[in-house]
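Asks: Pasting in a structure now, in structure tokens, and then I'll have a few things to ask.
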Amino acid sequence: MTASRILRPVIALAVLAALGILLWFATRPPPLIVQGEVSANRVDISPRVSGRIAKLNVDVGDNVEAGAVIAVLESPELTAALHMTEAALSVSQADLARVNSTRPETIDAANAELAAAAADVTLYQEESARQTRLITTGASTQAQAEQAARNLEAAIRKRESAEANVRLVVAGSSKEEKALAAAQVEQTRASLNQQQVNVSELTIHAPISGQVTTRVAELGENFSAGAPLFSIIDLQNPWFTFNLREDLLRGLKVGDDFDVVVPAIGPDKTAVKVTMINAQGQYATWRATRATGDFDLRTFEVRAVPIKSVDGLRPGMSVIAAWSER
């Protein structure tokens, strides 16, 4: 009888405890699960010059290394412009060489003119001296002596002119002409450099290592500058992005760690680190002011990167995080 009296309260307490536990589990709020997705850098590749697709080296799904040639364009207009500029540079360089030098034949001709002028001076000097002697003996007139003096003076002036011409020929063109010719060479060389850059842009290189996800280019098709040809994603550096209401960010800061699960890969948890918390431009539609009488809650983008490399991550895969367990 005594044992029965003791067991009854114990059983009652056990039943009450069990009911309390069941009630706690029944009323406990479910764990908060947030969903995000895998993202990665994507680069859209466009030509800087217009041209026709002459060669395609990659297709959708191909993995490429940074710097690899993925396409080649052709442009007869750019090639012709390059050849024209090369010819113009040759012409300007030849003109610069011309103004900076004098042909030996020109110098020889100027020296010959100077020698002839010097010979005339010698001749007229002798004639003037002879007329001076003759006039003292009466064998020549004053007019003849004056004419000989004028001839000598003209010969001297001609010799001076020939000497100046020799100096001019030896010196070549003026400083202004040389400067102009040099400037024309530099201008043409700059134009040639630009044409060479334009032609080099006909070869399209992969700017990053990654996988080709889009190919718009078709062989033989014309594309203008800036038109997209390929898209490449960087699969080596993916990240996870979540769009969360600001009331879910309590205590979260850049550098924090938490675990996520990528269902497409498996049930294993992956540790990630928060790298960015950035406000979005819109408001969370499920928490409007008029519906709750509270203030609007903005949506923030939370970006995190895996602490360790995870194989198989692809942009667009879903990511699950038990936010209440963070």
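Starting from 1 in every chain, residues are counted up; chains themselves are A, B, ... following the order of the structure tokens, and ligands are numbered from 1 as listed.
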Name all residues at most 7 Å from segment 242-257 of chain A (count only C-alpha atoms; drop same-chain ones fewer than 3 positions away) and give them as number ranges by chain.

Replies: A: 35-37, 271-277, 284, 297-303

Asks: Grab the residues selected above and save them as a short mmCIF file (atom, residue, chain, number, x, y, z; two decimals), in the first residue's frame with N, CA and C atoms.

Replies:
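Heads up, here's the output in result.cif:
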data_model
loop_
_atom_site.label_atom_id
_atom_site.label_comp_id
_atom_site.auth_asym_id
_atom_site.auth_seq_id
_atom_site.Cartn_x
_atom_site.Cartn_y
_atom_site.Cartn_z
N GLN A 35 18.29 30.45 -48.00
CA GLN A 35 18.77 29.87 -49.25
C GLN A 35 19.48 30.94 -50.07
N GLY A 36 20.59 30.55 -50.64
CA GLY A 36 21.33 31.43 -51.55
C GLY A 36 21.72 30.66 -52.79
N GLU A 37 22.71 31.16 -53.47
CA GLU A 37 23.17 30.46 -54.66
C GLU A 37 24.65 30.70 -54.87
N ALA A 271 32.36 25.06 -44.70
CA ALA A 271 32.60 26.28 -43.93
C ALA A 271 32.89 27.44 -44.88
N VAL A 272 32.23 28.57 -44.63
CA VAL A 272 32.42 29.75 -45.47
C VAL A 272 32.71 30.95 -44.58
N LYS A 273 33.30 31.98 -45.19
CA LYS A 273 33.64 33.22 -44.48
C LYS A 273 32.96 34.39 -45.17
N VAL A 274 32.34 35.27 -44.39
CA VAL A 274 31.65 36.44 -44.93
C VAL A 274 32.68 37.45 -45.43
N THR A 275 32.51 37.88 -46.68
CA THR A 275 33.43 38.86 -47.27
C THR A 275 32.77 40.19 -47.59
N MET A 276 31.43 40.21 -47.63
CA MET A 276 30.76 41.46 -47.98
C MET A 276 29.34 41.45 -47.44
N ILE A 277 28.90 42.59 -46.91
CA ILE A 277 27.51 42.82 -46.53
C ILE A 277 27.11 44.13 -47.17
N ALA A 284 12.36 44.42 -48.66
CA ALA A 284 11.81 43.06 -48.57
C ALA A 284 10.29 43.12 -48.67
N LEU A 297 11.91 46.96 -43.82
CA LEU A 297 13.17 46.24 -43.63
C LEU A 297 13.83 46.05 -44.99
N ARG A 298 15.02 46.56 -45.12
CA ARG A 298 15.74 46.47 -46.39
C ARG A 298 16.38 45.10 -46.55
N THR A 299 16.65 44.79 -47.81
CA THR A 299 17.32 43.54 -48.14
C THR A 299 18.81 43.81 -48.34
N PHE A 300 19.63 42.96 -47.77
CA PHE A 300 21.08 43.06 -47.89
C PHE A 300 21.63 41.83 -48.61
N GLU A 301 22.64 42.08 -49.42
CA GLU A 301 23.36 40.96 -50.02
C GLU A 301 24.52 40.58 -49.11
N VAL A 302 24.55 39.32 -48.73
CA VAL A 302 25.66 38.78 -47.93
C VAL A 302 26.45 37.84 -48.84
N ARG A 303 27.71 38.15 -48.98
CA ARG A 303 28.58 37.34 -49.84
C ARG A 303 29.61 36.62 -48.97
#

Asks: From segment 89-279 of chain A, collect each residue whose DSSP state is strand (DSSP E or B) and return the set as a ChimeraX atom specification.

Replies: /A:203-205,210-215,222-223,230-233,239-245,257-261,269-279

Asks: Sorted by chain and rising residue number, list the residues of segment 125-240 of chain A at most 10 Å from segment 103-119 of chain A (counting only C-alpha atoms), each with its closest atom pair and distance in Å to one decimal, as CSV.

Replies:
residue,atom,partner,partner_atom,distance
A:Gln125,CA,A:Ala119,CA,9.8
A:Ala154,CA,A:Ala117,CA,9.9
A:Ala155,CA,A:Ala117,CA,6.5
A:Ile156,CA,A:Ala117,CA,7.7
A:Arg157,CA,A:Ala117,CA,8.9
A:Lys158,CA,A:Ala117,CA,6.0
A:Arg159,CA,A:Ala117,CA,4.6
A:Glu160,CA,A:Leu114,CA,8.3
A:Ser161,CA,A:Leu114,CA,8.3
A:Ala162,CA,A:Leu114,CA,4.7
A:Glu163,CA,A:Leu114,CA,6.0
A:Ala164,CA,A:Leu114,CA,9.2
A:Asn165,CA,A:Ala110,CA,6.6
A:Val166,CA,A:Ala110,CA,5.3
A:Arg167,CA,A:Ala110,CA,9.1
A:Leu168,CA,A:Ala110,CA,9.5
A:Val169,CA,A:Ile107,CA,6.1
A:Val170,CA,A:Ile107,CA,6.6
A:Gly172,CA,A:Arg103,CA,9.4

Asks: List as a ChimeraX atom specification the protein and nucleic acid residues near Asn41 of chain A, meaning an atom at most 9 Å away when only C-alpha atoms are counted, but skip any in the same chain fewer than 4 places from it.

Replies: /A:232-235,237-239

Asks: Only C-alpha atoms, please: the residues just picked out, written as a PDB file, in the first residue's frame.

Replies:
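Generated output (part-v5.pdb):
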ATOM      1  CA  ILE A 232      33.829  33.002 -69.606  1.00  0.00           C
ATOM      2  CA  ILE A 233      33.228  32.217 -65.926  1.00  0.00           C
ATOM      3  CA  ASP A 234      35.960  31.795 -63.334  1.00  0.00           C
ATOM      4  CA  LEU A 235      35.233  28.415 -61.727  1.00  0.00           C
ATOM      5  CA  ASN A 237      37.052  31.399 -57.360  1.00  0.00           C
ATOM      6  CA  PRO A 238      33.312  30.921 -56.694  1.00  0.00           C
ATOM      7  CA  TRP A 239      31.388  32.555 -53.869  1.00  0.00           C
TER       8      TRP A 239
END

Asks: Which residues, written as a list in words, have at least one atom at most 7 Å from Ile320 of chain A, with only C-alpha atoms counted and residues fewer than 2 positions away on the same chain left out?

Replies: Ile33, Val34, Gln35, Gly36, Val260, Val261, Val262, Ser318 and Ala322 of chain A

Asks: Quick one: write out the picked residues with N, CA and C atoms as an mmCIF file, in the first residue's frame?

Replies:
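Below you can see out.cif, which holds the result:
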data_model
loop_
_atom_site.group_PDB
_atom_site.id
_atom_site.type_symbol
_atom_site.label_atom_id
_atom_site.label_comp_id
_atom_site.auth_asym_id
_atom_site.auth_seq_id
_atom_site.Cartn_x
_atom_site.Cartn_y
_atom_site.Cartn_z
ATOM 1 N N ILE A 33 15.909 28.563 -41.949
ATOM 2 C CA ILE A 33 16.779 28.131 -43.050
ATOM 3 C C ILE A 33 16.769 29.226 -44.116
ATOM 4 N N VAL A 34 17.944 29.647 -44.546
ATOM 5 C CA VAL A 34 18.042 30.629 -45.629
ATOM 6 C C VAL A 34 18.670 29.958 -46.844
ATOM 7 N N GLN A 35 18.289 30.448 -47.997
ATOM 8 C CA GLN A 35 18.773 29.868 -49.249
ATOM 9 C C GLN A 35 19.478 30.937 -50.074
ATOM 10 N N GLY A 36 20.590 30.554 -50.642
ATOM 11 C CA GLY A 36 21.332 31.426 -51.548
ATOM 12 C C GLY A 36 21.723 30.658 -52.789
ATOM 13 N N VAL A 260 27.425 25.956 -44.601
ATOM 14 C CA VAL A 260 26.382 25.862 -45.620
ATOM 15 C C VAL A 260 26.394 24.453 -46.194
ATOM 16 N N VAL A 261 25.312 24.133 -46.876
ATOM 17 C CA VAL A 261 25.195 22.856 -47.580
ATOM 18 C C VAL A 261 24.792 23.146 -49.017
ATOM 19 N N VAL A 262 25.490 22.515 -49.952
ATOM 20 C CA VAL A 262 25.158 22.635 -51.374
ATOM 21 C C VAL A 262 24.497 21.326 -51.789
ATOM 22 N N SER A 318 22.037 25.940 -55.741
ATOM 23 C CA SER A 318 21.430 26.408 -54.497
ATOM 24 C C SER A 318 22.360 26.140 -53.316
ATOM 25 N N ALA A 322 21.576 26.845 -42.199
ATOM 26 C CA ALA A 322 20.719 26.869 -41.009
ATOM 27 C C ALA A 322 21.047 28.138 -40.235
#

Asks: Find the residues of segment 47-145 of chain A that sit at most 7 Å from segment 179-183 of chain A; for each, write down the nearest two atoms and how far apart they are in Å, to one decimal. Count only C-alpha atoms. Sort by chain, then by number going up, and give it as CSV.

Replies:
residue,atom,partner,partner_atom,distance
A:Ser92,CA,A:Ala181,CA,6.9
A:Asp95,CA,A:Ala181,CA,6.6
A:Leu96,CA,A:Ala181,CA,5.0

Asks: So how many Å separate atom CA of Glu74 of chain A and atom CA of Ser50 of chain A, to one decimal?

Replies: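 According to the coordinates, atom CA of Glu74 of chain A and atom CA of Ser50 of chain A are separated by 8.6 Å.
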
Asks: Can you pull out the residues contacting Phe223 of chain A? Cut-off 10 Å, using only C-alpha atoms, and skip same-chain residues under 6 positions away; I want them as a list of chain:residue names.

Replies: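 Residues meeting the cut-off are A:Ser46, A:Pro47, A:Val49, A:Ser50, A:Gly51, A:Arg52, A:Ile53, A:Leu73, A:Ala217, A:Leu229.
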
Asks: Tell me, as number ranges by chain, which residues lie within 12 Å of Ala54 of chain A, counting only C-alpha atoms; anything in the same chain fewer than 2 positions away does not count.

Replies: A: 51-52, 56-57, 70-76, 202-204, 217-223

Asks: Pull C-alpha atoms from the residues just selected and write them as a CSV table (one decimal), in the first residue's frame.

Replies:
chain,number,residue,atom,x,y,z
A,51,GLY,CA,36.1,42.5,-88.3
A,52,ARG,CA,34.9,39.1,-89.7
A,56,LEU,CA,37.3,30.0,-83.7
A,57,ASN,CA,39.4,28.0,-81.2
A,70,ILE,CA,40.2,32.0,-78.6
A,71,ALA,CA,39.3,33.6,-81.9
A,72,VAL,CA,40.8,35.5,-84.8
A,73,LEU,CA,39.2,38.2,-86.9
A,74,GLU,CA,40.1,39.6,-90.2
A,75,SER,CA,39.8,43.1,-91.6
A,76,PRO,CA,41.1,44.0,-95.0
A,202,LEU,CA,42.0,41.2,-84.4
A,203,THR,CA,43.4,38.3,-82.3
A,204,ILE,CA,41.1,37.7,-79.3
A,217,ALA,CA,30.5,34.2,-82.6
A,218,GLU,CA,30.0,32.2,-85.7
A,219,LEU,CA,32.6,31.6,-88.4
A,220,GLY,CA,32.4,34.1,-91.2
A,221,GLU,CA,30.1,36.5,-89.3
A,222,ASN,CA,30.9,40.2,-89.1
A,223,PHE,CA,31.1,41.8,-85.6

Asks: So that I can check the surroundings of Arg189 of chain A, please list as an MDAnalysis selection string every protein, DNA and RNA residue that reaches within 9 Å of it, counting only C-alpha atoms and ignoring chain neighbours fewer than 3 positions away.

Replies: chainID A and resid 85:86 88:89 184:186 192:194

Asks: Rounded to one decimal, what separation in Å do you get between atom CA of Ala80 of chain A and atom CA of Ser224 of chain A?

Replies: 18.1 Å

Asks: Kindly indicate which residue among A:Tyr124, A:Val319, A:Glu77, A:Ser231 lies nearest to Pro207 of chain A, using only C-alpha atoms for the distances.

Replies: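 So, comparing all the options, the nearest one is A:Ser231.
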